[in-house]
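Asks: Enclosed is the structure file model_16.cif (mmCIF, C-alpha atoms).
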```cif
data_coords
#
loop_
_atom_site.group_PDB
_atom_site.id
_atom_site.type_symbol
_atom_site.label_atom_id
_atom_site.label_comp_id
_atom_site.auth_asym_id
_atom_site.auth_seq_id
_atom_site.Cartn_x
_atom_site.Cartn_y
_atom_site.Cartn_z
ATOM 1 C CA MET A 1 1.027 20.969 23.833
ATOM 2 C CA GLY A 2 4.575 20.021 22.847
ATOM 3 C CA THR A 3 6.782 17.453 24.535
ATOM 4 C CA VAL A 4 8.526 20.054 26.700
ATOM 5 C CA GLY A 5 5.159 21.386 27.871
ATOM 6 C CA MET A 6 3.839 17.905 28.649
ATOM 7 C CA LEU A 7 6.938 17.022 30.648
ATOM 8 C CA LYS A 8 6.823 20.245 32.619
ATOM 9 C CA ALA A 9 3.066 19.917 33.187
ATOM 10 C CA ALA A 10 3.708 16.470 34.671
ATOM 11 C CA GLY A 11 6.361 17.925 36.983
ATOM 12 C CA VAL A 12 9.291 16.386 35.100
ATOM 13 C CA GLY A 13 12.401 18.549 35.205
ATOM 14 C CA LEU A 14 15.717 19.113 36.938
ATOM 15 C CA GLY A 15 17.092 15.950 38.519
ATOM 16 C CA ASP A 16 14.781 13.641 36.569
ATOM 17 C CA GLU A 17 15.685 11.151 33.852
ATOM 18 C CA VAL A 18 13.594 10.525 30.745
ATOM 19 C CA ILE A 19 14.132 7.426 28.611
ATOM 20 C CA VAL A 20 14.264 8.047 24.854
ATOM 21 C CA PRO A 21 15.436 6.121 21.782
ATOM 22 C CA ALA A 22 18.901 6.764 20.356
ATOM 23 C CA TYR A 23 17.844 5.437 16.945
ATOM 24 C CA GLY A 24 16.505 8.529 15.195
ATOM 25 C CA ASN A 25 17.239 12.228 15.265
ATOM 26 C CA ALA A 26 18.187 14.220 18.330
ATOM 27 C CA ALA A 27 14.830 16.004 18.641
ATOM 28 C CA MET A 28 13.511 13.995 21.597
ATOM 29 C CA ALA A 29 16.753 14.227 23.553
ATOM 30 C CA GLU A 30 16.804 17.975 22.902
ATOM 31 C CA GLU A 31 13.199 18.314 24.139
ATOM 32 C CA VAL A 32 14.065 16.444 27.329
ATOM 33 C CA ALA A 33 17.107 18.680 27.904
ATOM 34 C CA ARG A 34 14.980 21.789 27.346
ATOM 35 C CA ALA A 35 12.622 20.567 30.062
ATOM 36 C CA GLY A 36 15.625 20.426 32.408
ATOM 37 C CA ALA A 37 15.764 16.622 32.612
ATOM 38 C CA LEU A 38 18.457 14.168 31.515
ATOM 39 C CA PRO A 39 17.845 11.979 28.436
ATOM 40 C CA VAL A 40 18.686 8.313 28.996
ATOM 41 C CA PHE A 41 18.954 6.019 25.980
ATOM 42 C CA ALA A 42 17.427 2.539 25.695
ATOM 43 C CA ASP A 43 17.819 0.014 22.892
ATOM 44 C CA ILE A 44 15.259 -0.712 20.184
ATOM 45 C CA ASP A 45 13.320 -3.726 19.000
ATOM 46 C CA PRO A 46 15.019 -4.832 15.741
ATOM 47 C CA ALA A 47 11.679 -5.410 13.983
ATOM 48 C CA THR A 48 9.894 -2.174 14.888
ATOM 49 C CA TYR A 49 12.911 0.164 15.302
ATOM 50 C CA CYS A 50 11.018 1.547 18.323
ATOM 51 C CA LEU A 51 11.935 1.320 22.004
ATOM 52 C CA ASP A 52 12.100 -2.242 23.317
ATOM 53 C CA ALA A 53 10.143 -2.719 26.546
ATOM 54 C CA ALA A 54 12.755 -4.971 28.178
ATOM 55 C CA ALA A 55 15.530 -2.529 27.278
ATOM 56 C CA VAL A 56 13.513 0.337 28.751
ATOM 57 C CA GLU A 57 12.974 -1.518 32.004
ATOM 58 C CA ALA A 58 16.679 -2.340 32.176
ATOM 59 C CA VAL A 59 17.665 1.347 32.332
ATOM 60 C CA VAL A 60 14.986 2.528 34.769
ATOM 61 C CA SER A 61 16.545 4.076 37.862
ATOM 62 C CA ALA A 62 15.283 5.823 40.970
ATOM 63 C CA ARG A 63 15.476 9.097 39.021
ATOM 64 C CA THR A 64 13.496 7.927 35.982
ATOM 65 C CA ALA A 65 10.294 9.918 35.600
ATOM 66 C CA ALA A 66 9.129 9.288 32.039
ATOM 67 C CA VAL A 67 9.528 7.396 28.764
ATOM 68 C CA ILE A 68 9.043 8.982 25.342
ATOM 69 C CA VAL A 69 8.042 6.468 22.667
ATOM 70 C CA VAL A 70 8.656 7.438 19.039
ATOM 71 C CA HIS A 71 6.788 5.448 16.386
ATOM 72 C CA ARG A 72 9.203 4.813 13.539
ATOM 73 C CA PHE A 73 8.767 4.592 9.756
ATOM 74 C CA GLY A 74 4.991 4.081 10.049
ATOM 75 C CA ARG A 75 5.396 0.965 12.206
ATOM 76 C CA PRO A 76 3.720 1.444 15.622
ATOM 77 C CA ALA A 77 5.671 0.655 18.767
ATOM 78 C CA ASP A 78 4.396 -2.046 21.109
ATOM 79 C CA MET A 79 2.479 0.300 23.396
ATOM 80 C CA GLY A 80 0.972 -2.618 25.298
ATOM 81 C CA GLN A 81 4.326 -3.787 26.658
ATOM 82 C CA LEU A 82 5.726 -0.282 27.046
ATOM 83 C CA GLY A 83 2.590 0.808 28.872
ATOM 84 C CA ASP A 84 2.942 -2.179 31.198
ATOM 85 C CA VAL A 85 6.479 -1.070 32.078
ATOM 86 C CA GLY A 86 5.220 2.440 32.743
ATOM 87 C CA ARG A 87 2.438 1.261 35.042
ATOM 88 C CA ARG A 88 4.661 -1.207 36.862
ATOM 89 C CA ARG A 89 7.423 1.332 37.462
ATOM 90 C CA GLY A 90 5.240 4.400 37.954
ATOM 91 C CA LEU A 91 6.468 6.240 34.852
ATOM 92 C CA LEU A 92 4.808 8.755 32.570
ATOM 93 C CA VAL A 93 4.679 7.260 29.039
ATOM 94 C CA LEU A 94 4.421 9.769 26.183
ATOM 95 C CA GLU A 95 4.034 8.967 22.499
ATOM 96 C CA GLN A 96 5.323 10.981 19.591
ATOM 97 C CA ALA A 97 2.561 10.618 17.023
ATOM 98 C CA GLU A 98 3.481 10.574 13.356
ATOM 99 C CA SER A 99 1.894 13.026 10.953
ATOM 100 C CA SER A 100 -1.553 12.092 9.686
ATOM 101 C CA GLU A 101 -1.963 11.197 6.019
ATOM 102 C CA SER A 102 -4.793 10.490 3.630
ATOM 103 C CA TYR A 103 -6.259 7.001 3.528
ATOM 104 C CA GLY A 104 -5.529 6.764 -0.196
ATOM 105 C CA GLU A 105 -1.838 7.561 0.188
ATOM 106 C CA VAL A 106 -1.409 5.026 2.972
ATOM 107 C CA THR A 107 -3.293 2.339 1.047
ATOM 108 C CA ARG A 108 -1.144 2.852 -2.058
ATOM 109 C CA ARG A 109 2.057 2.678 -0.022
ATOM 110 C CA GLN A 110 0.894 -0.517 1.659
ATOM 111 C CA ALA A 111 0.210 -2.045 -1.763
ATOM 112 C CA HIS A 112 3.654 -0.975 -3.004
ATOM 113 C CA ALA A 113 5.264 -2.434 0.118
ATOM 114 C CA LYS A 114 3.496 -5.759 -0.436
ATOM 115 C CA TYR A 115 4.765 -5.798 -4.025
ATOM 116 C CA LEU A 116 8.355 -5.151 -2.891
ATOM 117 C CA ASP A 117 8.100 -7.690 -0.053
ATOM 118 C CA GLY A 118 7.400 -10.442 -2.569
ATOM 119 C CA ARG A 119 10.072 -9.514 -5.103
ATOM 120 C CA LEU A 120 13.161 -8.076 -3.409
ATOM 121 C CA THR A 121 16.036 -10.496 -2.824
ATOM 122 C CA GLY A 122 19.409 -9.968 -1.178
ATOM 123 C CA VAL A 123 17.964 -7.529 1.374
ATOM 124 C CA SER A 124 15.897 -8.076 4.515
ATOM 125 C CA THR A 125 12.484 -6.521 3.931
ATOM 126 C CA PRO A 126 10.411 -4.926 6.727
ATOM 127 C CA GLU A 127 8.492 -7.304 8.945
ATOM 128 C CA PRO A 128 4.782 -6.910 8.060
ATOM 129 C CA ALA A 129 2.605 -5.638 10.887
ATOM 130 C CA ARG A 130 -0.973 -4.566 11.410
ATOM 131 C CA GLY A 131 -1.256 -0.799 11.057
ATOM 132 C CA HIS A 132 2.104 -0.326 9.314
ATOM 133 C CA THR A 133 1.714 2.732 7.047
ATOM 134 C CA TYR A 134 5.192 2.529 5.475
ATOM 135 C CA GLN A 135 6.062 6.194 5.823
ATOM 136 C CA GLN A 136 9.439 4.768 4.921
ATOM 137 C CA TYR A 137 10.153 1.334 3.431
ATOM 138 C CA VAL A 138 13.258 0.354 5.374
ATOM 139 C CA VAL A 139 15.312 -2.691 4.443
ATOM 140 C CA ARG A 140 18.483 -4.101 5.912
ATOM 141 C CA ILE A 141 21.572 -4.846 3.857
ATOM 142 C CA PRO A 142 23.258 -7.980 5.214
ATOM 143 C CA GLY A 143 27.021 -8.240 5.336
ATOM 144 C CA ASN A 144 29.771 -6.735 7.449
ATOM 145 C CA GLY A 145 28.030 -3.512 8.473
ATOM 146 C CA ARG A 146 28.051 0.038 7.188
ATOM 147 C CA PRO A 147 30.488 -0.355 4.260
ATOM 148 C CA ASP A 148 28.177 -2.930 2.659
ATOM 149 C CA ARG A 149 25.066 -0.811 3.145
ATOM 150 C CA ASP A 150 26.754 2.319 1.864
ATOM 151 C CA ALA A 151 28.202 0.541 -1.168
ATOM 152 C CA PHE A 152 24.772 -0.912 -1.920
ATOM 153 C CA ALA A 153 23.217 2.559 -1.639
ATOM 154 C CA ARG A 154 25.762 4.077 -4.007
ATOM 155 C CA ALA A 155 25.180 1.309 -6.526
ATOM 156 C CA VAL A 156 21.389 1.615 -6.626
ATOM 157 C CA LYS A 157 21.569 5.425 -6.678
ATOM 158 C CA SER A 158 23.736 5.142 -9.782
ATOM 159 C CA LYS A 159 20.781 3.312 -11.354
ATOM 160 C CA GLY A 160 18.383 6.119 -10.501
ATOM 161 C CA VAL A 161 16.911 4.752 -7.258
ATOM 162 C CA ASP A 162 16.327 7.555 -4.744
ATOM 163 C CA CYS A 163 17.279 5.699 -1.556
ATOM 164 C CA ARG A 164 18.624 7.168 1.670
ATOM 165 C CA VAL A 165 20.128 6.136 5.004
ATOM 166 C CA PRO A 166 17.394 6.833 7.593
ATOM 167 C CA VAL A 167 19.682 7.159 10.629
ATOM 168 C CA LYS A 168 23.377 7.825 10.006
ATOM 169 C CA THR A 169 24.531 8.356 13.592
ATOM 170 C CA PRO A 170 22.614 7.242 16.700
ATOM 171 C CA VAL A 171 21.951 10.062 19.166
ATOM 172 C CA HIS A 172 24.166 8.541 21.873
ATOM 173 C CA ARG A 173 27.108 8.938 19.484
ATOM 174 C CA LEU A 174 26.497 12.634 18.785
ATOM 175 C CA PRO A 175 28.923 14.984 20.593
ATOM 176 C CA GLN A 176 26.242 16.811 22.598
ATOM 177 C CA PHE A 177 24.628 13.594 23.871
ATOM 178 C CA ARG A 178 27.538 11.148 23.877
ATOM 179 C CA ARG A 179 27.033 8.315 26.353
ATOM 180 C CA ASP A 180 29.164 5.289 27.163
ATOM 181 C CA VAL A 181 26.312 2.833 26.722
ATOM 182 C CA VAL A 182 25.927 -0.401 24.796
ATOM 183 C CA LEU A 183 22.944 -0.404 22.424
ATOM 184 C CA PRO A 184 23.632 -3.289 20.036
ATOM 185 C CA GLU A 185 20.342 -3.236 18.119
ATOM 186 C CA THR A 186 20.523 0.528 17.692
ATOM 187 C CA GLU A 187 24.098 0.323 16.392
ATOM 188 C CA ARG A 188 23.252 -2.558 14.072
ATOM 189 C CA ALA A 189 20.222 -0.774 12.648
ATOM 190 C CA ALA A 190 22.231 2.402 12.029
ATOM 191 C CA ASP A 191 24.819 0.343 10.128
ATOM 192 C CA GLU A 192 22.437 -1.812 8.069
ATOM 193 C CA THR A 193 19.248 0.106 7.270
ATOM 194 C CA LEU A 194 18.353 1.773 3.990
ATOM 195 C CA ALA A 195 15.072 3.485 3.087
ATOM 196 C CA LEU A 196 13.848 2.646 -0.417
ATOM 197 C CA PRO A 197 11.237 4.785 -2.205
ATOM 198 C CA VAL A 198 7.631 3.652 -1.769
ATOM 199 C CA ALA A 199 5.582 6.825 -2.343
ATOM 200 C CA GLY A 200 1.970 6.311 -3.277
ATOM 201 C CA SER A 201 2.577 8.187 -6.544
ATOM 202 C CA MET A 202 5.068 5.575 -7.789
ATOM 203 C CA THR A 203 4.068 3.592 -10.861
ATOM 204 C CA ARG A 204 4.392 -0.169 -11.296
ATOM 205 C CA ARG A 205 7.144 0.464 -13.828
ATOM 206 C CA GLU A 206 9.120 2.499 -11.258
ATOM 207 C CA LEU A 207 8.696 -0.276 -8.694
ATOM 208 C CA GLN A 208 9.918 -2.851 -11.226
ATOM 209 C CA ARG A 209 13.019 -0.721 -11.924
ATOM 210 C CA LEU A 210 13.657 -0.505 -8.177
ATOM 211 C CA VAL A 211 13.423 -4.276 -7.805
ATOM 212 C CA SER A 212 15.708 -4.879 -10.786
ATOM 213 C CA ALA A 213 18.341 -2.453 -9.494
ATOM 214 C CA CYS A 214 18.390 -3.996 -6.016
ATOM 215 C CA ASN A 215 18.210 -7.645 -7.041
ATOM 216 C CA ALA A 216 21.034 -7.227 -9.547
ATOM 217 C CA LEU A 217 23.389 -6.511 -6.637
ATOM 218 C CA GLY A 218 22.568 -9.643 -4.695
ATOM 219 C CA GLY A 219 22.633 -7.802 -1.359
ATOM 220 C CA LEU A 220 26.114 -8.841 -0.303
ATOM 221 C CA LEU A 221 28.890 -6.546 -1.447
ATOM 222 C CA GLN A 222 32.533 -6.393 -0.494
ATOM 223 C CA PRO A 223 33.271 -3.711 2.130
ATOM 224 C CA ALA A 224 34.199 -0.420 0.460
ATOM 225 C CA PHE A 225 37.545 0.685 1.904
#
```
How does this structure look as structure tokens?

Replies:
Amino acid sequence: MGTVGMLKAAGVGLGDEVIVPAYGNAAMAEEVARAGALPVFADIDPATYCLDAAAVEAVVSARTAAVIVVHRFGRPADMGQLGDVGRRRGLLVLEQAESSESYGEVTRRQAHAKYLDGRLTGVSTPEPARGHTYQQYVVRIPGNGRPDRDAFARAVKSKGVDCRVPVKTPVHRLPQFRRDVVLPETERAADETLALPVAGSMTRRELQRLVSACNALGGLLQPAF
């Protein structure tokens, strides 16, 4: 059963609010709208990129009926704390599970991630966590925000590194879901994050080239105007 079906089966619909993350694509907000409810955005935990329990609790209202938790980049959300909020406030808590993958692929990616963790400089590497499958290896580019990250991305792409910006525009800034809310961690993540390649098929030589390309830039670039 899809998200819309689960919401409707639980009696969630017109007049209800459902808390979702704004860091990601618009799919969850669209599912909530299709169920007849109103998506409400909460901020993320800066380490997991998933909904932050305290931020969720801060936006709960008398109309809140559910929370949809999206696990991000292979890093599980803190379902213990989010579940506690749901039980305390009487909310339905749904999880969006990530696609299943072979044990070998996950193990190779975890090994690649460990290699990058120990060698990359000038970028903030992902915080290690139990169960992290590294569906994407997401780093942060320090500096003055998006211009630095984008300039960094252009520079490493010119050296053959297939990187990409995982979330270009948070959902609460899209025209169809625009909200006048303050989500500082979501905004910061959208400005600073960059997904570097970490596929299980990558060779050690490809990983070394990736490290060389990134470390040569030093992480901090002048804003590109």

Asks: Tell me which residues the PyMOL selection byres ((chain A and resi 86) around 12) grabs here, as a CSV table (one decimal) with C-alpha atoms, in the frame of the given file.

Replies:
```csv
chain,number,residue,atom,x,y,z
A,18,VAL,CA,13.6,10.5,30.7
A,19,ILE,CA,14.1,7.4,28.6
A,53,ALA,CA,10.1,-2.7,26.5
A,54,ALA,CA,12.8,-5.0,28.2
A,56,VAL,CA,13.5,0.3,28.8
A,57,GLU,CA,13.0,-1.5,32.0
A,60,VAL,CA,15.0,2.5,34.8
A,64,THR,CA,13.5,7.9,36.0
A,65,ALA,CA,10.3,9.9,35.6
A,66,ALA,CA,9.1,9.3,32.0
A,67,VAL,CA,9.5,7.4,28.8
A,68,ILE,CA,9.0,9.0,25.3
A,69,VAL,CA,8.0,6.5,22.7
A,79,MET,CA,2.5,0.3,23.4
A,80,GLY,CA,1.0,-2.6,25.3
A,81,GLN,CA,4.3,-3.8,26.7
A,82,LEU,CA,5.7,-0.3,27.0
A,83,GLY,CA,2.6,0.8,28.9
A,84,ASP,CA,2.9,-2.2,31.2
A,85,VAL,CA,6.5,-1.1,32.1
A,87,ARG,CA,2.4,1.3,35.0
A,88,ARG,CA,4.7,-1.2,36.9
A,89,ARG,CA,7.4,1.3,37.5
A,90,GLY,CA,5.2,4.4,38.0
A,91,LEU,CA,6.5,6.2,34.9
A,92,LEU,CA,4.8,8.8,32.6
A,93,VAL,CA,4.7,7.3,29.0
A,94,LEU,CA,4.4,9.8,26.2
```

Asks: Can you tell me, as an MDAnalysis selection string, what residues are no more than 12 Å from Ala111 of chain A when counting all atoms listed in the file, ignoring any on the same chain fewer than 2 positions away?

Replies: chainID A and resid 104:109 113:118 128 132:134 137 198:204 207

Asks: To one decimal place, how far is atom CA of Val32 of chain A from atom CA of Ala9 of chain A in Å?

Replies: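 Atom CA of Ala9 of chain A lies at a distance of 12.9 Å from atom CA of Val32 of chain A.
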
Asks: Measuring atom to atom with only C-alpha atoms, identify which of A:Gly13, A:Gly24, A:Pro184, A:Pro126 is nearest to Ala37 of chain A.

Replies: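 The shortest atom-to-atom distance to Ala37 of chain A comes from A:Gly13.
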
Asks: Please compute the atom CA of Pro39 of chain A-atom CA of Glu98 of chain A distance, one decimal, in Å.

Replies: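 Those two atoms sit 20.9 Å apart.
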
Asks: Interatomic distance between atom CA of Val123 of chain A and atom CA of Arg72 of chain A?

Replies: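 Computing the Euclidean distance for atom CA of Val123 of chain A and atom CA of Arg72 of chain A yields 19.4 Å.
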
Asks: From the set A:Glu17, A:Glu187, A:Glu101, A:Asp52, which residue has the shortest atom-to-atom contact distance to Pro170 of chain A, counting only C-alpha atoms?

Replies: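 Between A:Glu17, A:Glu187, A:Glu101, A:Asp52, the residue approaching Pro170 of chain A most closely is A:Glu187.
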
Asks: Within 12 Å of Asp45 of chain A, counting only C-alpha atoms, which residues qualify if same-chain residues fewer than 2 places away don't, as a PyMOL selection string?

Replies: chain A and resi 21-23+42-43+47-56+71-72+75-78+81-82+127+183-189

Asks: For the residues in the current selection, export C-alpha atoms as a tab-separated table (two decimals), keeping the file's coordinate frame.

Replies:
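Result file is again_21.tsv:
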```
chain	number	residue	atom	x	y	z
A	21	PRO	CA	15.44	6.12	21.78
A	22	ALA	CA	18.90	6.76	20.36
A	23	TYR	CA	17.84	5.44	16.94
A	42	ALA	CA	17.43	2.54	25.70
A	43	ASP	CA	17.82	0.01	22.89
A	47	ALA	CA	11.68	-5.41	13.98
A	48	THR	CA	9.89	-2.17	14.89
A	49	TYR	CA	12.91	0.16	15.30
A	50	CYS	CA	11.02	1.55	18.32
A	51	LEU	CA	11.94	1.32	22.00
A	52	ASP	CA	12.10	-2.24	23.32
A	53	ALA	CA	10.14	-2.72	26.55
A	54	ALA	CA	12.76	-4.97	28.18
A	55	ALA	CA	15.53	-2.53	27.28
A	56	VAL	CA	13.51	0.34	28.75
A	71	HIS	CA	6.79	5.45	16.39
A	72	ARG	CA	9.20	4.81	13.54
A	75	ARG	CA	5.40	0.96	12.21
A	76	PRO	CA	3.72	1.44	15.62
A	77	ALA	CA	5.67	0.66	18.77
A	78	ASP	CA	4.40	-2.05	21.11
A	81	GLN	CA	4.33	-3.79	26.66
A	82	LEU	CA	5.73	-0.28	27.05
A	127	GLU	CA	8.49	-7.30	8.94
A	183	LEU	CA	22.94	-0.40	22.42
A	184	PRO	CA	23.63	-3.29	20.04
A	185	GLU	CA	20.34	-3.24	18.12
A	186	THR	CA	20.52	0.53	17.69
A	187	GLU	CA	24.10	0.32	16.39
A	188	ARG	CA	23.25	-2.56	14.07
A	189	ALA	CA	20.22	-0.77	12.65
```

Asks: Could you work out an axis-aligned bounding box for all listed atoms of segment 122-141 of chain A, with 5 Å added on each of the six sides, and give its centre and edge lengths in Å to one decimal, as JSON?

Replies:
```
{"center_x": 10.2, "center_y": -1.9, "center_z": 5.1, "size_x": 32.8, "size_y": 26.2, "size_z": 22.6}
```

Asks: For the PyMOL selection byres ((chain A and resi 35) around 12), applied here, can you spell out every residue it catches as an MDAnalysis selection string?

Replies: chainID A and resid 2:18 28:34 36:39 66

Asks: Translate the PyMOL selection byres ((chain A and resi 160) around 9), as applied to the file shown, into an explicit residue set as a ChimeraX atom specification.

Replies: /A:156-159,161-162,209-210,213

Asks: With distances taken over all atoms listed in the file, which residue among A:Phe73, A:Ala129, A:Leu217, A:Gln110 lies nearest Ala97 of chain A?

Replies: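 Checking each candidate against Ala97 of chain A, we get A:Phe73 as the closest.
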
Asks: Residues near Pro166 of chain A, anyone? I mean within 12 Å using only C-alpha atoms, not counting same-chain ones fewer than 6 positions away, as a PyMOL selection string.

Replies: chain A and resi 23-25+49+72-73+135-140+149-150+153+189-197

Asks: Find the residue from A:Arg63, A:Gln208, A:Val182, A:Gly74 that sits nearest to Arg130 of chain A; use all atoms listed in the file when measuring.

Replies: A:Gly74
